[in-house]
Number of protein chains: 2
Amino acid sequence: MKNEIKIFSPATVANVACGFDVLGFCLDSIGDEMVIRKIDKKGIYITKIEGFDLPFETELNVAGVSALAMYEAVKPECGFEIEIYKNIKPGSGIGSSAASAVGSVFGMNELLGRPYNKTELTQFAIKGEALASKCEHADNLAPAIFGGFTLVKSISPLEILEIPSPEDLYATIIHPQIEVKTSEARAILPKEVPLQDAISQWANFGSLIHGLHTSDYNVIQKSLHDVIVEPYRSQLIPYYKEVKEASLDHGALGAGISGSGPSIFTLSKGLENAKSVKDAMNKVYSETGITFEIHVTKINTEGIKIY
Amino acid sequence: MKNEIKIFSPATVANVACGFDVLGFCLDSIGDEMVIRKIDKKGIYITKIEGFDLPFETELNVAGVSALAMYEAVKPECGFEIEIYKNIKPGSGIGSSAASAVGSVFGMNELLGRPYNKTELTQFAIKGEALASKCEHADNLAPAIFGGFTLVKSISPLEILEIPSPEDLYATIIHPQIEVKTSEARAILPKEVPLQDAISQWANFGSLIHGLHTSDYNVIQKSLHDVIVEPYRSQLIPYYKEVKEASLDHGALGAGISGSGPSIFTLSKGLENAKSVKDAMNKVYSETGITFEIHVTKINTEGIKIY
């Protein structure tokens, strides 16, 4: 059995318009790299962090906390070193902390001979995610571990459903380099919502699940609406409306806030359209003076993997 | 082309726990019979009503109003007579008015050589349903016309999705012979609902759509929960809790209010279980002194049909 493993831990989009708090999908072209190494000395040690400034103390690091949760369950005779090569900017809204949280447990699981299944790995990773987001949720973790689209039906007990991903589905994601505090993004949401809006949301959500199952891009397009959260959170993202309108004008199936923002995602049928949406986004944001990045990516149906 | 047609217009269950206002399914063993006859004299005439006391005036009869909506669109050189042999008791909560509303337009469409598709027929039938329920909705109409499970994604424009029905899915429905006024059932609902409950509801609803697509009875079972409407409307149905508990104890996948009640539906894997649930319901209600009927039925994937 190997003593060292190098992994790719993908970025993810949570919420996906009508699927607030429960749906997510996995990206292909952006993710962190991590090296997990089995060592004789007991314990979890973060030995290298590149890309962004994150804490080395195991208990203060998302990857460390999820690793500890698993380590305490396994109680192995060995220890683990973790190297983190971070590409996903913390706070970008595309699952940066989730990638860290799943990376360590996925890697350890491989080195230990896979004692745990994917749902169990998600359960450990929730502990790391909670360090970053102050609450237990799995809508970025599940797609990072399972790949494709995932529906987190419940957190306690943890129930994750794998939803099929149409062959020709691509995402374009713009990350404006501004800070949206998760706490603010959460505080801005109402505690109660109109019943009629909730009905529209679950009509759209059920319809989206149906569209993904049937690879019906027309149904997917008609379902990608968020009448509950977008009206509030979009206020925190400059030029949200302009980006969304330009994307839809250029044939995107739909657009929405990625996680709690500030990233904005769109879905497209086909790579060509996803690239055309990128150009449209680029045009809007080039005139704003705000630094930004745009990712074009196939839906990653494999999820986290060994390099 | 025939000048007379005899049809079976099925009863339906709307809402289906987590799918309030959008989901419905079609029943096999209970429905109205109707005869539609092409005549030389222009106009729509209701010539016979058996089973229940309903108005003969076309404009005051649900079947008449939907027929008129279609008649005015077609402007044919002929007229139609409608005979209604009503088996579904009005106010039972299993789509009595919907069966009447779809029966006339389905029959006329057949006699005219099928100028309209199923969605267009639903559109006409909405006018009849609105006479009975004072608002335009299609969650009983759509399953009656399409069969199986249907998701009414939107009313305007009318968008209906056909959701697959697992082979071995049966329903047991108890109809306590009490009156629940639709107006009361509607007035009792809150205008606003907690966001967290709404999230649970769409998690369950998305999960139910996934379970129906994958014929995963375990997922279906875990999804059949209604945290939004049941807590309110179940108060209007005597012994609701007892019926639900007894059904679940006897292996039903789930239970809920059919439409706005008073009927209670359950879903089961297999006919044997559906019958066992019937016995359990029967035991509960036999001791109440309230008259009741119980139907055991396969999911009717065909919908309304010519006899």
# chains A, B, ... in the order shown; residues from 1 in each chain; ligands from 1
>>> residues_around(residues="Asn15 (chain B)", least_positions_apart="3", cutoff="8 Å", atoms="only C-alpha atoms", output="list in words")
Cys18, Gly19, Phe20, Asp21, Val22, Leu23, Gly24, Asp139, Ile257, Ser258 and Gly259 of chain B
>>> residues_around(residues="region 204-220 of chain A", least_positions_apart="2", cutoff="8 Å", atoms="only C-alpha atoms", output="ChimeraX atom specification")
/A:18-19,163-167,200-202,222-225,253,269 /B:151,153,161,163,202,205-206,209-210,213
>>> residues_around(residues="Phe56 (chain B)", least_positions_apart="4", cutoff="12 Å", atoms="only C-alpha atoms", output="PyMOL selection string")
chain B and resi 44-50+52+60-65+81-84
>>> select_by_dssp(residues="region 36-268 of chain B", states="strand (DSSP E or B)", output="count of residues only")
52
>>> closest_residue(among="A:Gly148, A:Gly107, A:Pro190, A:Gly254", to="Ile36 (chain A)", atoms="only C-alpha atoms")
A:Gly107
>>> closest_residue(among="B:Asp249, B:Glu302, B:Glu162, B:Glu57", to="chain A", atoms="only C-alpha atoms")
B:Glu162
>>> residues_around(residues="Val243 (chain A)", least_positions_apart="2", cutoff="10 Å", atoms="only C-alpha atoms", output="ChimeraX atom specification")
/A:174,238-241,245-249,255-256,264-266,277-278,280-285
>>> write_last_selection(atoms="C-alpha atoms", output="PDB file, in the first residue's frame")
ATOM      1  CA  ILE A 174     -17.216  34.422 -12.720  1.00  0.00           C
ATOM      2  CA  PRO A 238     -21.943  44.203  -7.834  1.00  0.00           C
ATOM      3  CA  TYR A 239     -23.248  43.964 -11.416  1.00  0.00           C
ATOM      4  CA  TYR A 240     -25.077  40.735 -10.636  1.00  0.00           C
ATOM      5  CA  LYS A 241     -28.085  41.689 -12.725  1.00  0.00           C
ATOM      6  CA  GLU A 245     -28.778  39.308 -18.225  1.00  0.00           C
ATOM      7  CA  ALA A 246     -25.743  39.211 -20.512  1.00  0.00           C
ATOM      8  CA  SER A 247     -25.331  35.471 -19.872  1.00  0.00           C
ATOM      9  CA  LEU A 248     -28.964  34.688 -20.611  1.00  0.00           C
ATOM     10  CA  ASP A 249     -28.827  36.915 -23.699  1.00  0.00           C
ATOM     11  CA  ALA A 255     -27.659  31.836 -13.892  1.00  0.00           C
ATOM     12  CA  GLY A 256     -27.475  32.193 -10.156  1.00  0.00           C
ATOM     13  CA  ILE A 264     -21.942  33.825 -10.179  1.00  0.00           C
ATOM     14  CA  PHE A 265     -22.520  30.555 -12.055  1.00  0.00           C
ATOM     15  CA  THR A 266     -24.266  29.831 -15.308  1.00  0.00           C
ATOM     16  CA  VAL A 277     -21.153  33.188 -21.977  1.00  0.00           C
ATOM     17  CA  LYS A 278     -17.613  33.711 -20.675  1.00  0.00           C
ATOM     18  CA  ALA A 280     -20.354  38.071 -22.301  1.00  0.00           C
ATOM     19  CA  MET A 281     -19.411  38.044 -18.605  1.00  0.00           C
ATOM     20  CA  ASN A 282     -15.963  39.318 -19.445  1.00  0.00           C
ATOM     21  CA  LYS A 283     -17.414  42.247 -21.359  1.00  0.00           C
ATOM     22  CA  VAL A 284     -19.632  43.262 -18.426  1.00  0.00           C
ATOM     23  CA  TYR A 285     -16.931  42.997 -15.768  1.00  0.00           C
TER      24      TYR A 285
END
>>> select_by_dssp(residues="region 160-196 of chain A", states="alpha helix (DSSP H)", output="ChimeraX atom specification")
/A:182-187,195-196
>>> write_last_selection(atoms="N, CA and C atoms", output="mmCIF file, in the first residue's frame")
data_model
loop_
_atom_site.group_PDB
_atom_site.id
_atom_site.type_symbol
_atom_site.label_atom_id
_atom_site.label_comp_id
_atom_site.auth_asym_id
_atom_site.auth_seq_id
_atom_site.Cartn_x
_atom_site.Cartn_y
_atom_site.Cartn_z
ATOM 1 N N THR A 182 -19.864 35.502 4.644
ATOM 2 C CA THR A 182 -20.908 34.483 4.767
ATOM 3 C C THR A 182 -21.920 34.894 5.828
ATOM 4 N N SER A 183 -21.413 35.500 6.897
ATOM 5 C CA SER A 183 -22.321 35.919 7.970
ATOM 6 C C SER A 183 -23.315 36.960 7.453
ATOM 7 N N GLU A 184 -22.829 37.873 6.621
ATOM 8 C CA GLU A 184 -23.722 38.887 6.063
ATOM 9 C C GLU A 184 -24.701 38.251 5.072
ATOM 10 N N ALA A 185 -24.181 37.352 4.242
ATOM 11 C CA ALA A 185 -25.030 36.674 3.253
ATOM 12 C C ALA A 185 -26.131 35.883 3.943
ATOM 13 N N ARG A 186 -25.834 35.416 5.155
ATOM 14 C CA ARG A 186 -26.839 34.661 5.888
ATOM 15 C C ARG A 186 -27.817 35.593 6.601
ATOM 16 N N ALA A 187 -27.258 36.669 7.195
ATOM 17 C CA ALA A 187 -28.104 37.586 7.961
ATOM 18 C C ALA A 187 -29.137 38.274 7.073
ATOM 19 N N LEU A 195 -45.550 31.691 1.224
ATOM 20 C CA LEU A 195 -45.860 30.316 0.813
ATOM 21 C C LEU A 195 -45.873 30.192 -0.706
ATOM 22 N N GLN A 196 -46.429 31.193 -1.395
ATOM 23 C CA GLN A 196 -46.497 31.122 -2.859
ATOM 24 C C GLN A 196 -45.104 31.058 -3.484
#
>>> atom_distance(atom1="CA of Ile199 (chain A)", atom2="CA of Gly103 (chain B)")
27.9 Å
>>> closest_residue(among="B:Lys244, B:Lys191, B:Lys298, B:Lys6", to="chain A", atoms="only C-alpha atoms")
B:Lys191
>>> atom_distance(atom1="CA of Leu189 (chain A)", atom2="CA of His137 (chain A)")
16.7 Å
>>> atom_distance(atom1="CA of Ser286 (chain B)", atom2="CA of Glu242 (chain B)")
12.1 Å
>>> residues_around(residues="Leu121 (chain A)", least_positions_apart="5", cutoff="9 Å", atoms="only C-alpha atoms", output="MDAnalysis selection string")
chainID A and resid 70 102 105:106 109 116 126 145
>>> closest_residue(among="A:Asn273, A:Val193, A:Val180, A:Phe80", to="Thr58 (chain A)", atoms="only C-alpha atoms")
A:Phe80
